[in-house]
Amino acid sequence: MESSKQIDELTRLIEVVARLGPRNVPDIAHELSIPIETARHRLKKQLLQRGIRIHASIDFGKLDLERSWAFLDFEEGYRGQESKIARALADVAYLTYFARTMPEERFLAQFAVPRSKLEEHERFLSGLVEGGILGRYKKHNLSWMRHISMKPNLYNFRRRVWDIDWEALDRLKLIPELPDISKIMPFDKKDLLILKELQQDSAIQFVDIANKLKIDVKTLLYHYHSHIANRGFVSKYIVRWIGEPKDIRKYAILHAKAVIRNVSENELLSVQDTFAKLPFTWSDSYSSEDGFYLADLVLPVPQYVDALSFLQRNLRDSKRKIEILVLDPQFGSTFTLPHHMFEDESGWMFETQTALQRFKTLTTVQSE
């Protein structure tokens, strides 16, 4: 059982890792004034093995990619094939995330599409409707999306449960982090491949990346330091609690999306503030085109009612528009950034009819 001093050390460790990332163990050790091996031990034993994960947050805007949320309604003949369809969409149409709500069985997708290809991508989705695959779809192009780290001061490391003073949280004055407006930066295929590996495992060592990508370590280090680090393609590292797998009943979690439509600019700050304070918010996003707001929530089941009560008290009039979409834990896919859709000679690639034909081929082969 940890002492208060050890718990303070863990909180400090999380703050430093969120800034430096999990691979930079020597600098983490220096910041904490502890030996390198001690830092490595704490990172592995006291964080990673306790249901806490560190993710590299990729700045999609600097890669000329615009993200969107889309609700997809499949025709009856394609029900039951949605997982296969998701893999095909990731292969040909810039899909990065796919989930199913329960019990309604609505389908939610996220795309990351090059800005120059947005119109063609819209025609692609319309082509799926015309081809009888989708009954309809509704897409929301995002103005911004931000990722939020866990709040270690609200987590009881000794008991390994969230310990939240909800009344104090109501009174907390928090200025939400403003999403950055990203300027497109130069990049190449090697940069994307390295970023893909960091998305999959933010603690992976350079030598392991080089072996996986079959490139020289010196070449990899050049691309990482000169391109990825210097140009800010990894905007920050996100520390998240995902629950401890050893005791699924005690640490059962509920994945959900909170959707508020027609959010005006006047009420947006209040909505952002509320979800930024909620300890279970992983990310939020907003479309200024139609006022669509979505927060990604990972809720411990024992805290579910308290979290809803918190939203009810703090969302003001926006609570009348909120919709909580519970996600099916047995159905969902997350894909890395679409590195395979880029080549150094031609840039980002997408052509509507070619994508529709490839999609048809992939889904026909997969469904046999």
# chains A, B, ... in the order shown; residues from 1 in each chain; ligands from 1
>>> residues_around(residues="segment 260-271 of chain A", least_positions_apart="2", cutoff="10 Å", atoms="only C-alpha atoms", output="PyMOL selection string")
chain A and resi 175-176+178+257-258+273-276+286-295+311+314-324
>>> write_last_selection(atoms="N, CA and C atoms", output="mmCIF file, in the first residue's frame")
data_model
loop_
_atom_site.group_PDB
_atom_site.id
_atom_site.type_symbol
_atom_site.label_atom_id
_atom_site.label_comp_id
_atom_site.auth_asym_id
_atom_site.auth_seq_id
_atom_site.Cartn_x
_atom_site.Cartn_y
_atom_site.Cartn_z
ATOM 1 N N ILE A 175 -10.391 27.211 -16.902
ATOM 2 C CA ILE A 175 -10.363 27.796 -18.241
ATOM 3 C C ILE A 175 -9.985 26.682 -19.216
ATOM 4 N N PRO A 176 -10.914 26.249 -20.074
ATOM 5 C CA PRO A 176 -10.608 25.151 -20.994
ATOM 6 C C PRO A 176 -9.432 25.470 -21.897
ATOM 7 N N LEU A 178 -7.612 26.011 -25.080
ATOM 8 C CA LEU A 178 -8.093 26.385 -26.400
ATOM 9 C C LEU A 178 -7.448 25.501 -27.460
ATOM 10 N N LYS A 257 -20.537 8.300 -25.859
ATOM 11 C CA LYS A 257 -20.356 9.602 -26.497
ATOM 12 C C LYS A 257 -21.488 10.504 -26.023
ATOM 13 N N ALA A 258 -21.135 11.710 -25.623
ATOM 14 C CA ALA A 258 -22.135 12.719 -25.282
ATOM 15 C C ALA A 258 -22.243 13.671 -26.464
ATOM 16 N N ASP A 273 -16.223 23.870 -20.727
ATOM 17 C CA ASP A 273 -15.797 23.937 -19.333
ATOM 18 C C ASP A 273 -16.310 22.730 -18.549
ATOM 19 N N THR A 274 -17.567 22.381 -18.768
ATOM 20 C CA THR A 274 -18.173 21.269 -18.034
ATOM 21 C C THR A 274 -17.483 19.956 -18.353
ATOM 22 N N PHE A 275 -17.277 19.684 -19.626
ATOM 23 C CA PHE A 275 -16.670 18.405 -19.990
ATOM 24 C C PHE A 275 -15.181 18.382 -19.703
ATOM 25 N N ALA A 276 -14.524 19.539 -19.700
ATOM 26 C CA ALA A 276 -13.107 19.586 -19.336
ATOM 27 C C ALA A 276 -12.921 19.249 -17.857
ATOM 28 N N TYR A 286 -15.782 19.844 -31.977
ATOM 29 C CA TYR A 286 -16.852 20.790 -32.296
ATOM 30 C C TYR A 286 -16.811 21.155 -33.772
ATOM 31 N N SER A 287 -18.000 21.282 -34.344
ATOM 32 C CA SER A 287 -18.144 21.753 -35.724
ATOM 33 C C SER A 287 -18.849 23.101 -35.706
ATOM 34 N N SER A 288 -18.139 24.152 -36.134
ATOM 35 C CA SER A 288 -18.755 25.478 -36.180
ATOM 36 C C SER A 288 -19.760 25.591 -37.321
ATOM 37 N N GLU A 289 -19.707 24.649 -38.270
ATOM 38 C CA GLU A 289 -20.638 24.692 -39.400
ATOM 39 C C GLU A 289 -22.077 24.504 -38.945
ATOM 40 N N ASP A 290 -22.299 23.568 -38.018
ATOM 41 C CA ASP A 290 -23.668 23.259 -37.599
ATOM 42 C C ASP A 290 -23.833 23.167 -36.080
ATOM 43 N N GLY A 291 -22.793 23.574 -35.317
ATOM 44 C CA GLY A 291 -22.920 23.571 -33.863
ATOM 45 C C GLY A 291 -22.916 22.194 -33.247
ATOM 46 N N PHE A 292 -22.334 21.218 -33.940
ATOM 47 C CA PHE A 292 -22.301 19.836 -33.429
ATOM 48 C C PHE A 292 -21.139 19.687 -32.450
ATOM 49 N N TYR A 293 -21.432 19.207 -31.231
ATOM 50 C CA TYR A 293 -20.420 18.987 -30.201
ATOM 51 C C TYR A 293 -20.479 17.530 -29.751
ATOM 52 N N LEU A 294 -19.305 16.910 -29.611
ATOM 53 C CA LEU A 294 -19.247 15.520 -29.162
ATOM 54 C C LEU A 294 -18.117 15.367 -28.151
ATOM 55 N N ALA A 295 -18.424 14.731 -27.023
ATOM 56 C CA ALA A 295 -17.422 14.407 -26.011
ATOM 57 C C ALA A 295 -17.315 12.899 -25.903
ATOM 58 N N LEU A 311 -23.288 16.504 -14.952
ATOM 59 C CA LEU A 311 -23.645 17.128 -16.228
ATOM 60 C C LEU A 311 -24.976 17.863 -16.116
ATOM 61 N N ASN A 314 -24.436 21.227 -14.359
ATOM 62 C CA ASN A 314 -23.486 22.188 -14.916
ATOM 63 C C ASN A 314 -23.735 22.597 -16.362
ATOM 64 N N LEU A 315 -24.547 21.848 -17.086
ATOM 65 C CA LEU A 315 -24.720 22.147 -18.506
ATOM 66 C C LEU A 315 -25.751 23.231 -18.795
ATOM 67 N N ARG A 316 -26.428 23.698 -17.760
ATOM 68 C CA ARG A 316 -27.436 24.744 -17.933
ATOM 69 C C ARG A 316 -28.477 24.307 -18.967
ATOM 70 N N ASP A 317 -28.848 25.210 -19.870
ATOM 71 C CA ASP A 317 -29.893 24.868 -20.848
ATOM 72 C C ASP A 317 -29.426 23.808 -21.847
ATOM 73 N N SER A 318 -28.109 23.633 -21.985
ATOM 74 C CA SER A 318 -27.595 22.648 -22.946
ATOM 75 C C SER A 318 -27.984 21.231 -22.576
ATOM 76 N N LYS A 319 -28.295 20.999 -21.292
ATOM 77 C CA LYS A 319 -28.652 19.637 -20.871
ATOM 78 C C LYS A 319 -29.939 19.157 -21.537
ATOM 79 N N ARG A 320 -30.759 20.090 -22.003
ATOM 80 C CA ARG A 320 -32.013 19.694 -22.656
ATOM 81 C C ARG A 320 -31.766 19.136 -24.055
ATOM 82 N N LYS A 321 -30.534 19.344 -24.559
ATOM 83 C CA LYS A 321 -30.214 18.865 -25.912
ATOM 84 C C LYS A 321 -29.246 17.693 -25.913
ATOM 85 N N ILE A 322 -28.785 17.281 -24.731
ATOM 86 C CA ILE A 322 -27.743 16.259 -24.692
ATOM 87 C C ILE A 322 -28.303 14.873 -25.001
ATOM 88 N N GLU A 323 -27.489 14.093 -25.665
ATOM 89 C CA GLU A 323 -27.812 12.699 -25.983
ATOM 90 C C GLU A 323 -26.604 11.854 -25.600
ATOM 91 N N ILE A 324 -26.801 10.860 -24.733
ATOM 92 C CA ILE A 324 -25.732 9.958 -24.317
ATOM 93 C C ILE A 324 -25.816 8.684 -25.148
#
>>> residues_around(residues="segment 328-338 of chain A", least_positions_apart="3", cutoff="9 Å", atoms="only C-alpha atoms", output="PDB file with N, CA and C atoms, in the first residue's frame")
ATOM      1  N   ILE A  58      -1.496  13.018 -32.090  1.00  0.00           N
ATOM      2  CA  ILE A  58      -0.994  13.467 -33.388  1.00  0.00           C
ATOM      3  C   ILE A  58      -1.764  14.714 -33.832  1.00  0.00           C
ATOM      4  N   PHE A  60      -3.300  16.259 -36.494  1.00  0.00           N
ATOM      5  CA  PHE A  60      -3.767  15.919 -37.839  1.00  0.00           C
ATOM      6  C   PHE A  60      -3.781  17.145 -38.743  1.00  0.00           C
ATOM      7  N   SER A  83     -18.428  -4.668 -39.502  1.00  0.00           N
ATOM      8  CA  SER A  83     -17.003  -4.747 -39.164  1.00  0.00           C
ATOM      9  C   SER A  83     -16.154  -4.863 -40.432  1.00  0.00           C
ATOM     10  N   ALA A  86     -16.122  -1.566 -42.140  1.00  0.00           N
ATOM     11  CA  ALA A  86     -15.223  -0.632 -41.471  1.00  0.00           C
ATOM     12  C   ALA A  86     -13.788  -0.822 -41.935  1.00  0.00           C
ATOM     13  N   ARG A  87     -13.351  -2.071 -42.031  1.00  0.00           N
ATOM     14  CA  ARG A  87     -11.982  -2.331 -42.493  1.00  0.00           C
ATOM     15  C   ARG A  87     -11.785  -1.838 -43.926  1.00  0.00           C
ATOM     16  N   ALA A  90     -11.511   1.939 -43.879  1.00  0.00           N
ATOM     17  CA  ALA A  90     -10.175   2.356 -43.428  1.00  0.00           C
ATOM     18  C   ALA A  90      -9.152   2.176 -44.536  1.00  0.00           C
ATOM     19  N   ASP A  91      -9.342   1.170 -45.356  1.00  0.00           N
ATOM     20  CA  ASP A  91      -8.384   0.880 -46.419  1.00  0.00           C
ATOM     21  C   ASP A  91      -8.490   1.867 -47.580  1.00  0.00           C
ATOM     22  N   ALA A  93     -10.897   4.853 -47.654  1.00  0.00           N
ATOM     23  CA  ALA A  93     -11.644   6.109 -47.505  1.00  0.00           C
ATOM     24  C   ALA A  93     -11.349   6.873 -46.218  1.00  0.00           C
ATOM     25  N   TYR A  94     -10.140   6.706 -45.652  1.00  0.00           N
ATOM     26  CA  TYR A  94      -9.682   7.559 -44.558  1.00  0.00           C
ATOM     27  C   TYR A  94     -10.452   7.371 -43.245  1.00  0.00           C
ATOM     28  N   LEU A  95     -11.053   6.222 -43.041  1.00  0.00           N
ATOM     29  CA  LEU A  95     -11.708   5.948 -41.757  1.00  0.00           C
ATOM     30  C   LEU A  95     -10.649   5.740 -40.676  1.00  0.00           C
ATOM     31  N   THR A  96     -10.857   6.361 -39.500  1.00  0.00           N
ATOM     32  CA  THR A  96      -9.927   6.168 -38.378  1.00  0.00           C
ATOM     33  C   THR A  96     -10.603   5.587 -37.140  1.00  0.00           C
ATOM     34  N   TYR A  97     -11.950   5.557 -37.122  1.00  0.00           N
ATOM     35  CA  TYR A  97     -12.653   5.054 -35.932  1.00  0.00           C
ATOM     36  C   TYR A  97     -14.048   4.619 -36.342  1.00  0.00           C
ATOM     37  N   PHE A  98     -14.546   3.562 -35.683  1.00  0.00           N
ATOM     38  CA  PHE A  98     -15.861   3.020 -36.018  1.00  0.00           C
ATOM     39  C   PHE A  98     -16.445   2.392 -34.764  1.00  0.00           C
ATOM     40  N   ALA A  99     -17.717   2.696 -34.448  1.00  0.00           N
ATOM     41  CA  ALA A  99     -18.339   2.154 -33.239  1.00  0.00           C
ATOM     42  C   ALA A  99     -19.835   1.949 -33.475  1.00  0.00           C
ATOM     43  N   ARG A 100     -20.398   1.105 -32.631  1.00  0.00           N
ATOM     44  CA  ARG A 100     -21.844   0.846 -32.688  1.00  0.00           C
ATOM     45  C   ARG A 100     -22.461   1.167 -31.338  1.00  0.00           C
ATOM     46  N   THR A 101     -23.586   1.886 -31.367  1.00  0.00           N
ATOM     47  CA  THR A 101     -24.274   2.200 -30.128  1.00  0.00           C
ATOM     48  C   THR A 101     -25.207   1.058 -29.750  1.00  0.00           C
ATOM     49  N   MET A 102     -25.539   0.998 -28.467  1.00  0.00           N
ATOM     50  CA  MET A 102     -26.471  -0.006 -28.002  1.00  0.00           C
ATOM     51  C   MET A 102     -27.501   0.656 -27.065  1.00  0.00           C
ATOM     52  N   PRO A 103     -28.760   0.216 -27.168  1.00  0.00           N
ATOM     53  CA  PRO A 103     -29.278  -0.901 -27.961  1.00  0.00           C
ATOM     54  C   PRO A 103     -29.727  -0.518 -29.373  1.00  0.00           C
ATOM     55  N   GLU A 105     -28.180   0.259 -32.113  1.00  0.00           N
ATOM     56  CA  GLU A 105     -27.349  -0.177 -33.230  1.00  0.00           C
ATOM     57  C   GLU A 105     -27.211   0.911 -34.292  1.00  0.00           C
ATOM     58  N   ALA A 112     -10.564  11.071 -41.258  1.00  0.00           N
ATOM     59  CA  ALA A 112      -9.530  12.102 -41.302  1.00  0.00           C
ATOM     60  C   ALA A 112      -9.140  12.254 -42.769  1.00  0.00           C
ATOM     61  N   VAL A 113      -9.699  13.259 -43.419  1.00  0.00           N
ATOM     62  CA  VAL A 113      -9.631  13.396 -44.877  1.00  0.00           C
ATOM     63  C   VAL A 113      -8.788  14.611 -45.250  1.00  0.00           C
ATOM     64  N   LEU A 192       5.107   9.811 -41.666  1.00  0.00           N
ATOM     65  CA  LEU A 192       3.805   9.197 -41.390  1.00  0.00           C
ATOM     66  C   LEU A 192       3.959   7.801 -40.797  1.00  0.00           C
ATOM     67  N   LEU A 195       4.988   8.156 -37.190  1.00  0.00           N
ATOM     68  CA  LEU A 195       3.844   8.598 -36.404  1.00  0.00           C
ATOM     69  C   LEU A 195       2.852   7.466 -36.187  1.00  0.00           C
ATOM     70  N   LYS A 196       2.680   6.641 -37.191  1.00  0.00           N
ATOM     71  CA  LYS A 196       1.789   5.468 -37.059  1.00  0.00           C
ATOM     72  C   LYS A 196       2.259   4.565 -35.945  1.00  0.00           C
ATOM     73  N   GLU A 197       3.569   4.317 -35.880  1.00  0.00           N
ATOM     74  CA  GLU A 197       4.112   3.464 -34.823  1.00  0.00           C
ATOM     75  C   GLU A 197       3.936   4.110 -33.448  1.00  0.00           C
ATOM     76  N   GLN A 199       1.550   6.135 -32.619  1.00  0.00           N
ATOM     77  CA  GLN A 199       0.130   6.000 -32.283  1.00  0.00           C
ATOM     78  C   GLN A 199      -0.158   4.646 -31.660  1.00  0.00           C
ATOM     79  N   GLN A 200       0.451   3.614 -32.214  1.00  0.00           N
ATOM     80  CA  GLN A 200       0.194   2.267 -31.718  1.00  0.00           C
ATOM     81  C   GLN A 200       0.848   2.004 -30.375  1.00  0.00           C
ATOM     82  N   LEU A 254     -17.686   2.023 -18.873  1.00  0.00           N
ATOM     83  CA  LEU A 254     -18.708   2.220 -19.884  1.00  0.00           C
ATOM     84  C   LEU A 254     -18.189   3.250 -20.873  1.00  0.00           C
ATOM     85  N   HIS A 255     -18.081   2.868 -22.139  1.00  0.00           N
ATOM     86  CA  HIS A 255     -17.670   3.805 -23.177  1.00  0.00           C
ATOM     87  C   HIS A 255     -18.913   4.466 -23.762  1.00  0.00           C
ATOM     88  N   ALA A 256     -18.879   5.776 -23.859  1.00  0.00           N
ATOM     89  CA  ALA A 256     -20.055   6.506 -24.339  1.00  0.00           C
ATOM     90  C   ALA A 256     -19.619   7.775 -25.067  1.00  0.00           C
ATOM     91  N   MET A 341      -2.409   6.008 -47.641  1.00  0.00           N
ATOM     92  CA  MET A 341      -3.047   6.820 -48.677  1.00  0.00           C
ATOM     93  C   MET A 341      -2.149   7.969 -49.141  1.00  0.00           C
ATOM     94  N   PHE A 342      -0.877   7.906 -48.762  1.00  0.00           N
ATOM     95  CA  PHE A 342       0.048   8.990 -49.101  1.00  0.00           C
ATOM     96  C   PHE A 342       1.308   8.425 -49.737  1.00  0.00           C
TER      97      PHE A 342
END
>>> closest_residue(among="A:Ala229, A:Val92, A:Leu48, A:Ala29", to="Phe350 of chain A", atoms="only C-alpha atoms")
A:Val92
>>> select_by_dssp(residues="segment 138-181 of chain A", states="helix (DSSP H, G or I)", output="VMD selection string")
chain A and resid 152 to 154 166 to 171
>>> atom_distance(atom1="atom CA of Lys139 of chain A", atom2="atom CA of Trp69 of chain A")
5.8 Å
>>> closest_residue(among="A:Glu130, A:Glu119, A:Glu104, A:Glu343", to="Lys190 of chain A", atoms="only C-alpha atoms")
A:Glu343
>>> residues_around(residues="Asp163 of chain A", least_positions_apart="2", cutoff="12 Å", atoms="only C-alpha atoms", output="list in words")
Lys151, Pro152, Asn153, Leu154, Tyr155, Asn156, Phe157, Arg158, Arg159, Arg160, Val161, Asp165, Trp166, Ala168, Leu169, Pro279, Pro300, Pro302, Gln303 and Asp306 of chain A
>>> write_last_selection(atoms="C-alpha atoms", output="PDB file, in the first residue's frame")
ATOM      1  CA  LYS A 151      -6.736  14.214 -13.472  1.00  0.00           C
ATOM      2  CA  PRO A 152      -4.483  12.291 -11.072  1.00  0.00           C
ATOM      3  CA  ASN A 153      -5.530  14.388  -8.066  1.00  0.00           C
ATOM      4  CA  LEU A 154      -9.005  12.818  -8.371  1.00  0.00           C
ATOM      5  CA  TYR A 155      -7.754   9.233  -8.521  1.00  0.00           C
ATOM      6  CA  ASN A 156      -7.020   7.292  -5.322  1.00  0.00           C
ATOM      7  CA  PHE A 157      -3.886   5.318  -6.144  1.00  0.00           C
ATOM      8  CA  ARG A 158      -3.972   3.571  -2.793  1.00  0.00           C
ATOM      9  CA  ARG A 159      -7.462   2.098  -3.292  1.00  0.00           C
ATOM     10  CA  ARG A 160      -7.217   2.214  -7.098  1.00  0.00           C
ATOM     11  CA  VAL A 161     -10.569   3.929  -7.510  1.00  0.00           C
ATOM     12  CA  ASP A 165     -15.623  15.478  -4.385  1.00  0.00           C
ATOM     13  CA  TRP A 166     -18.402  16.344  -6.820  1.00  0.00           C
ATOM     14  CA  ALA A 168     -15.895  20.812  -5.108  1.00  0.00           C
ATOM     15  CA  LEU A 169     -15.817  19.953  -8.796  1.00  0.00           C
ATOM     16  CA  PRO A 279     -12.645  13.402 -15.002  1.00  0.00           C
ATOM     17  CA  PRO A 300     -16.481   3.778 -14.364  1.00  0.00           C
ATOM     18  CA  PRO A 302     -20.006   2.941 -10.122  1.00  0.00           C
ATOM     19  CA  GLN A 303     -19.587   6.640 -11.011  1.00  0.00           C
ATOM     20  CA  ASP A 306     -22.758  10.820 -10.260  1.00  0.00           C
TER      21      ASP A 306
END
>>> closest_residue(among="A:Asp191, A:Phe124, A:Arg40, A:Arg19", to="Asp344 of chain A", atoms="only C-alpha atoms")
A:Asp191
>>> residues_around(residues="segment 31-34 of chain A", least_positions_apart="4", cutoff="9 Å", atoms="only C-alpha atoms", output="mmCIF file with C-alpha atoms, in the first residue's frame")
data_model
loop_
_atom_site.group_PDB
_atom_site.id
_atom_site.type_symbol
_atom_site.label_atom_id
_atom_site.label_comp_id
_atom_site.auth_asym_id
_atom_site.auth_seq_id
_atom_site.Cartn_x
_atom_site.Cartn_y
_atom_site.Cartn_z
ATOM 1 C CA GLU A 9 5.218 10.971 -6.512
ATOM 2 C CA ARG A 12 4.054 14.109 -10.304
ATOM 3 C CA LEU A 13 5.158 11.233 -12.547
ATOM 4 C CA VAL A 16 5.934 14.808 -16.251
ATOM 5 C CA PRO A 26 16.365 9.805 -18.688
ATOM 6 C CA ASP A 27 14.660 13.212 -18.836
ATOM 7 C CA THR A 38 13.636 3.930 -10.603
ATOM 8 C CA ALA A 39 11.816 6.061 -13.162
#
>>> closest_residue(among="A:Leu43, A:Leu142, A:Ala18, A:Ala70", to="Leu125 of chain A", atoms="only C-alpha atoms")
A:Ala70
>>> select_by_dssp(residues="segment 207-258 of chain A", states="strand (DSSP E)", output="PyMOL selection string")
chain A and resi 234-241+253-258
>>> atom_distance(atom1="atom CA of Lys138 of chain A", atom2="atom CA of Arg123 of chain A")
13.0 Å
>>> residues_around(residues="Trp241 of chain A", least_positions_apart="6", cutoff="8 Å", atoms="only C-alpha atoms", output="list in words")
Gly51, Ile52, Arg53 and Met150 of chain A
>>> decode(residues="segment 278-347 of chain A", atoms="C-alpha atoms", output="PDB file, in the first residue's frame")
ATOM      1  CA  LEU A 278     -15.441  15.896 -15.835  1.00  0.00           C
ATOM      2  CA  PRO A 279     -12.645  13.402 -15.002  1.00  0.00           C
ATOM      3  CA  PHE A 280     -13.936  10.849 -17.492  1.00  0.00           C
ATOM      4  CA  THR A 281     -13.716  12.960 -20.656  1.00  0.00           C
ATOM      5  CA  TRP A 282     -11.105  11.614 -23.073  1.00  0.00           C
ATOM      6  CA  SER A 283     -11.658  14.136 -25.846  1.00  0.00           C
ATOM      7  CA  ASP A 284     -14.139  16.612 -27.217  1.00  0.00           C
ATOM      8  CA  SER A 285     -14.731  18.131 -30.631  1.00  0.00           C
ATOM      9  CA  TYR A 286     -16.852  20.790 -32.296  1.00  0.00           C
ATOM     10  CA  SER A 287     -18.144  21.753 -35.724  1.00  0.00           C
ATOM     11  CA  SER A 288     -18.755  25.478 -36.180  1.00  0.00           C
ATOM     12  CA  GLU A 289     -20.638  24.692 -39.400  1.00  0.00           C
ATOM     13  CA  ASP A 290     -23.668  23.259 -37.599  1.00  0.00           C
ATOM     14  CA  GLY A 291     -22.920  23.571 -33.863  1.00  0.00           C
ATOM     15  CA  PHE A 292     -22.301  19.836 -33.429  1.00  0.00           C
ATOM     16  CA  TYR A 293     -20.420  18.987 -30.201  1.00  0.00           C
ATOM     17  CA  LEU A 294     -19.247  15.520 -29.162  1.00  0.00           C
ATOM     18  CA  ALA A 295     -17.422  14.407 -26.011  1.00  0.00           C
ATOM     19  CA  ASP A 296     -15.789  10.988 -25.747  1.00  0.00           C
ATOM     20  CA  LEU A 297     -16.426   9.516 -22.285  1.00  0.00           C
ATOM     21  CA  VAL A 298     -14.985   6.521 -20.436  1.00  0.00           C
ATOM     22  CA  LEU A 299     -17.075   6.131 -17.304  1.00  0.00           C
ATOM     23  CA  PRO A 300     -16.481   3.778 -14.364  1.00  0.00           C
ATOM     24  CA  VAL A 301     -19.866   2.120 -13.884  1.00  0.00           C
ATOM     25  CA  PRO A 302     -20.006   2.941 -10.122  1.00  0.00           C
ATOM     26  CA  GLN A 303     -19.587   6.640 -11.011  1.00  0.00           C
ATOM     27  CA  TYR A 304     -22.113   6.690 -13.856  1.00  0.00           C
ATOM     28  CA  VAL A 305     -25.027   8.281 -11.976  1.00  0.00           C
ATOM     29  CA  ASP A 306     -22.758  10.820 -10.260  1.00  0.00           C
ATOM     30  CA  ALA A 307     -21.312  11.808 -13.640  1.00  0.00           C
ATOM     31  CA  LEU A 308     -24.778  12.302 -15.154  1.00  0.00           C
ATOM     32  CA  SER A 309     -25.832  14.360 -12.131  1.00  0.00           C
ATOM     33  CA  PHE A 310     -22.734  16.515 -12.585  1.00  0.00           C
ATOM     34  CA  LEU A 311     -23.645  17.128 -16.228  1.00  0.00           C
ATOM     35  CA  GLN A 312     -27.240  17.902 -15.254  1.00  0.00           C
ATOM     36  CA  ARG A 313     -26.113  20.530 -12.729  1.00  0.00           C
ATOM     37  CA  ASN A 314     -23.486  22.188 -14.916  1.00  0.00           C
ATOM     38  CA  LEU A 315     -24.720  22.147 -18.506  1.00  0.00           C
ATOM     39  CA  ARG A 316     -27.436  24.744 -17.933  1.00  0.00           C
ATOM     40  CA  ASP A 317     -29.893  24.868 -20.848  1.00  0.00           C
ATOM     41  CA  SER A 318     -27.595  22.648 -22.946  1.00  0.00           C
ATOM     42  CA  LYS A 319     -28.652  19.637 -20.871  1.00  0.00           C
ATOM     43  CA  ARG A 320     -32.013  19.694 -22.656  1.00  0.00           C
ATOM     44  CA  LYS A 321     -30.214  18.865 -25.912  1.00  0.00           C
ATOM     45  CA  ILE A 322     -27.743  16.259 -24.692  1.00  0.00           C
ATOM     46  CA  GLU A 323     -27.812  12.699 -25.983  1.00  0.00           C
ATOM     47  CA  ILE A 324     -25.732   9.958 -24.317  1.00  0.00           C
ATOM     48  CA  LEU A 325     -24.762   7.243 -26.795  1.00  0.00           C
ATOM     49  CA  VAL A 326     -23.619   4.054 -25.053  1.00  0.00           C
ATOM     50  CA  LEU A 327     -21.118   2.095 -27.162  1.00  0.00           C
ATOM     51  CA  ASP A 328     -21.101  -1.662 -27.631  1.00  0.00           C
ATOM     52  CA  PRO A 329     -17.861  -2.923 -26.005  1.00  0.00           C
ATOM     53  CA  GLN A 330     -17.866  -5.940 -28.321  1.00  0.00           C
ATOM     54  CA  PHE A 331     -17.951  -3.835 -31.465  1.00  0.00           C
ATOM     55  CA  GLY A 332     -15.557  -1.060 -32.331  1.00  0.00           C
ATOM     56  CA  SER A 333     -12.406  -0.397 -34.303  1.00  0.00           C
ATOM     57  CA  THR A 334      -9.670   2.224 -34.090  1.00  0.00           C
ATOM     58  CA  PHE A 335      -7.278   2.671 -36.992  1.00  0.00           C
ATOM     59  CA  THR A 336      -4.031   4.611 -37.243  1.00  0.00           C
ATOM     60  CA  LEU A 337      -3.627   7.701 -39.382  1.00  0.00           C
ATOM     61  CA  PRO A 338      -4.074   6.841 -43.092  1.00  0.00           C
ATOM     62  CA  HIS A 339      -0.380   6.549 -43.985  1.00  0.00           C
ATOM     63  CA  HIS A 340      -1.116   4.097 -46.811  1.00  0.00           C
ATOM     64  CA  MET A 341      -3.047   6.820 -48.677  1.00  0.00           C
ATOM     65  CA  PHE A 342       0.048   8.990 -49.101  1.00  0.00           C
ATOM     66  CA  GLU A 343       3.061   8.781 -51.378  1.00  0.00           C
ATOM     67  CA  ASP A 344       5.933  11.244 -51.591  1.00  0.00           C
ATOM     68  CA  GLU A 345       5.513  11.711 -55.333  1.00  0.00           C
ATOM     69  CA  SER A 346       1.747  12.312 -55.406  1.00  0.00           C
ATOM     70  CA  GLY A 347       0.785  13.368 -51.876  1.00  0.00           C
TER      71      GLY A 347
END
